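K.L.:
I have a structure here, written as structure tokens, and I will follow up with some questions on it.
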Amino acid sequence: MGVPVDLNADIGEGFGRWSLGDDDGLLQVISSANVACGFHAGDPTIMRRTCHVAAELGVVVGAQVSYPDLAGFGRRFIDIDPLELIDSMLYQVGALERLALVEGTSVGYVKPHGALYNAIVHHEAQASAVVEAMVAHGGSLPLLGLPGSVVEQAAASSGVRFVHEGFADRGYTADGRLVPRSQPGALLTEVDQVVAQALRLVDQGVRSICVHSDTPGAATLAGAVRVALVDAGHLVEPFV
């Protein structure tokens, strides 16, 4: 029997005159957009424009928060002070919320990006800080993350809704973590591979599937995943 499944992608990851990924193509097929909030990518103009297009297409806007790491695209671990991490998250979500409001939409959830996302799978202090930021914000926004992670446990203890996410275009280790991007097998780019993994993840209980915007052919891959989900009897819709 089919289940509701969200299809998300990292969106708005340009900066100034620099652009990354086929945002327009992805926004046509996804149900939720993880919008970069300026710390790993994105700037106010890109953030607002992305919110505008998402609102027009009925795509839910999510805040993709990151370490302050523009040079490293947020993919380098930072041993950041937990209080600074809390403040930086509140800053990023707040900025996107205001721009979304101007464009007639709102922020529906939060998803950490890159190295921060991977760190809070096992880093207890940073996982706690991420959840504390969610609570300080009001506690109503869901948090998107990896099943079985330390941050999921922290969210459960604090009453923050945690949504299981899976990656159609990333390799997994035997223990359910993501293969580091520096290692072979980290990225999946073949349509058949990506589709098969997406369907397998849904069968395992994942309720939001991600395709990265910087994966080659991302819009085509996301479109194929959407078709496969529908053909399997699933309903593609936002989780919020």
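Following the order of the structure tokens, first chain is A, next is B, and so on, with residues numbered from 1 inside each chain and ligands from 1 in the order they appear.
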Give me, as a PyMOL selection string, all polymer residues having an atom no more than 12 Å from Gln183 (chain A), counting only C-alpha atoms and skipping those fewer than 4 positions away in the same chain.
P.N.:
chain A and resi 170-173+178-179+187
K.L.:
How about saving the chosen residues, N, CA and C atoms kept, as a PDB file, in the first residue's frame?
P.N.:
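Printed below is part38.pdb as written:
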```
ATOM      1  N   ARG A 170      22.985   9.317  -2.670  1.00  0.00           N
ATOM      2  CA  ARG A 170      24.180   9.144  -1.847  1.00  0.00           C
ATOM      3  C   ARG A 170      24.334   7.692  -1.422  1.00  0.00           C
ATOM      4  N   GLY A 171      25.582   7.246  -1.325  1.00  0.00           N
ATOM      5  CA  GLY A 171      25.860   5.911  -0.848  1.00  0.00           C
ATOM      6  C   GLY A 171      25.743   5.832   0.666  1.00  0.00           C
ATOM      7  N   TYR A 172      25.379   4.657   1.164  1.00  0.00           N
ATOM      8  CA  TYR A 172      25.239   4.422   2.599  1.00  0.00           C
ATOM      9  C   TYR A 172      26.247   3.377   3.065  1.00  0.00           C
ATOM     10  N   THR A 173      26.708   3.537   4.310  1.00  0.00           N
ATOM     11  CA  THR A 173      27.558   2.526   4.932  1.00  0.00           C
ATOM     12  C   THR A 173      26.674   1.429   5.525  1.00  0.00           C
ATOM     13  N   LEU A 178      25.991   8.006   5.935  1.00  0.00           N
ATOM     14  CA  LEU A 178      26.358   8.343   4.557  1.00  0.00           C
ATOM     15  C   LEU A 178      27.845   8.089   4.312  1.00  0.00           C
ATOM     16  N   VAL A 179      28.151   7.541   3.156  1.00  0.00           N
ATOM     17  CA  VAL A 179      29.549   7.364   2.767  1.00  0.00           C
ATOM     18  C   VAL A 179      30.183   8.750   2.609  1.00  0.00           C
ATOM     19  N   LEU A 187      28.580   9.018  -4.168  1.00  0.00           N
ATOM     20  CA  LEU A 187      27.558   9.665  -4.991  1.00  0.00           C
ATOM     21  C   LEU A 187      26.985   8.690  -6.016  1.00  0.00           C
TER      22      LEU A 187
END
```
K.L.:
From the options A:Ala154, A:Leu96, A:Ile120, A:Met89, which residue's atoms come nearest to Val35 (chain A), counting only C-alpha atoms?
P.N.:
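The answer is A:Leu96, which sits nearest to Val35 (chain A).
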K.L.:
Using only C-alpha atoms, find each residue of region 140-189 of chain A with at least one atom at most 9 Å away from an atom of region 195-201 of chain A; report its shortest atom-to-atom pair and that distance in Å (one decimal), sort the rows by chain and rising residue number, and return the result as JSON lines.
P.N.:
```
{"residue": "A:Glu165", "atom": "CA", "partner": "A:Leu201", "partner_atom": "CA", "distance": 8.7}
{"residue": "A:Gly166", "atom": "CA", "partner": "A:Leu201", "partner_atom": "CA", "distance": 6.2}
{"residue": "A:Phe167", "atom": "CA", "partner": "A:Ala198", "partner_atom": "CA", "distance": 7.1}
{"residue": "A:Ala168", "atom": "CA", "partner": "A:Ala198", "partner_atom": "CA", "distance": 4.8}
{"residue": "A:Asp169", "atom": "CA", "partner": "A:Gln197", "partner_atom": "CA", "distance": 7.9}
{"residue": "A:Arg170", "atom": "CA", "partner": "A:Gln197", "partner_atom": "CA", "distance": 9.0}
```
K.L.:
Identify, with DSSP run on backbone atoms, the residues in region 171-204 of chain A assigned to helix (DSSP H, G or I), and express the list as a PyMOL selection string.
P.N.:
chain A and resi 191-203
K.L.:
Go ahead and write the residues just picked, C-alpha atoms, as a PDB file, in the first residue's frame.
P.N.:
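The file below, again.pdb, is the result:
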```pdb
ATOM      1  CA  VAL A 191      18.895   6.858 -12.850  1.00  0.00           C
ATOM      2  CA  ASP A 192      18.243   3.186 -12.122  1.00  0.00           C
ATOM      3  CA  GLN A 193      20.453   3.261  -9.022  1.00  0.00           C
ATOM      4  CA  VAL A 194      18.873   6.432  -7.684  1.00  0.00           C
ATOM      5  CA  VAL A 195      15.300   5.268  -8.272  1.00  0.00           C
ATOM      6  CA  ALA A 196      15.938   1.858  -6.706  1.00  0.00           C
ATOM      7  CA  GLN A 197      17.495   3.427  -3.621  1.00  0.00           C
ATOM      8  CA  ALA A 198      14.631   5.889  -3.220  1.00  0.00           C
ATOM      9  CA  LEU A 199      12.044   3.107  -3.306  1.00  0.00           C
ATOM     10  CA  ARG A 200      14.095   0.991  -0.902  1.00  0.00           C
ATOM     11  CA  LEU A 201      14.363   3.866   1.571  1.00  0.00           C
ATOM     12  CA  VAL A 202      10.608   4.445   1.496  1.00  0.00           C
ATOM     13  CA  ASP A 203      10.055   0.749   2.182  1.00  0.00           C
TER      14      ASP A 203
END
```
K.L.:
Would you please extract all strand (DSSP E) residues from region 38-83 of chain A, as assigned by DSSP on the backbone, and give them as a PyMOL selection string?
P.N.:
chain A and resi 60-65
K.L.:
For N, CA and C atoms, I'd like the residues from the last selection saved as a PDB file, in the first residue's frame.
P.N.:
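out-v4.pdb was written with the following content:
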```
ATOM      1  N   VAL A  60       6.891  23.693  -0.502  1.00  0.00           N
ATOM      2  CA  VAL A  60       7.137  24.132   0.873  1.00  0.00           C
ATOM      3  C   VAL A  60       8.589  24.584   1.019  1.00  0.00           C
ATOM      4  N   VAL A  61       8.798  25.671   1.740  1.00  0.00           N
ATOM      5  CA  VAL A  61      10.132  26.222   1.981  1.00  0.00           C
ATOM      6  C   VAL A  61      10.667  25.710   3.313  1.00  0.00           C
ATOM      7  N   GLY A  62      11.882  25.182   3.288  1.00  0.00           N
ATOM      8  CA  GLY A  62      12.562  24.775   4.506  1.00  0.00           C
ATOM      9  C   GLY A  62      13.864  25.544   4.646  1.00  0.00           C
ATOM     10  N   ALA A  63      14.287  25.791   5.886  1.00  0.00           N
ATOM     11  CA  ALA A  63      15.533  26.508   6.142  1.00  0.00           C
ATOM     12  C   ALA A  63      16.681  25.514   6.227  1.00  0.00           C
ATOM     13  N   GLN A  64      17.626  25.615   5.285  1.00  0.00           N
ATOM     14  CA  GLN A  64      18.798  24.750   5.344  1.00  0.00           C
ATOM     15  C   GLN A  64      19.926  25.500   6.033  1.00  0.00           C
ATOM     16  N   VAL A  65      20.117  25.167   7.299  1.00  0.00           N
ATOM     17  CA  VAL A  65      21.090  25.858   8.144  1.00  0.00           C
ATOM     18  C   VAL A  65      22.432  25.150   8.084  1.00  0.00           C
TER      19      VAL A  65
END
```
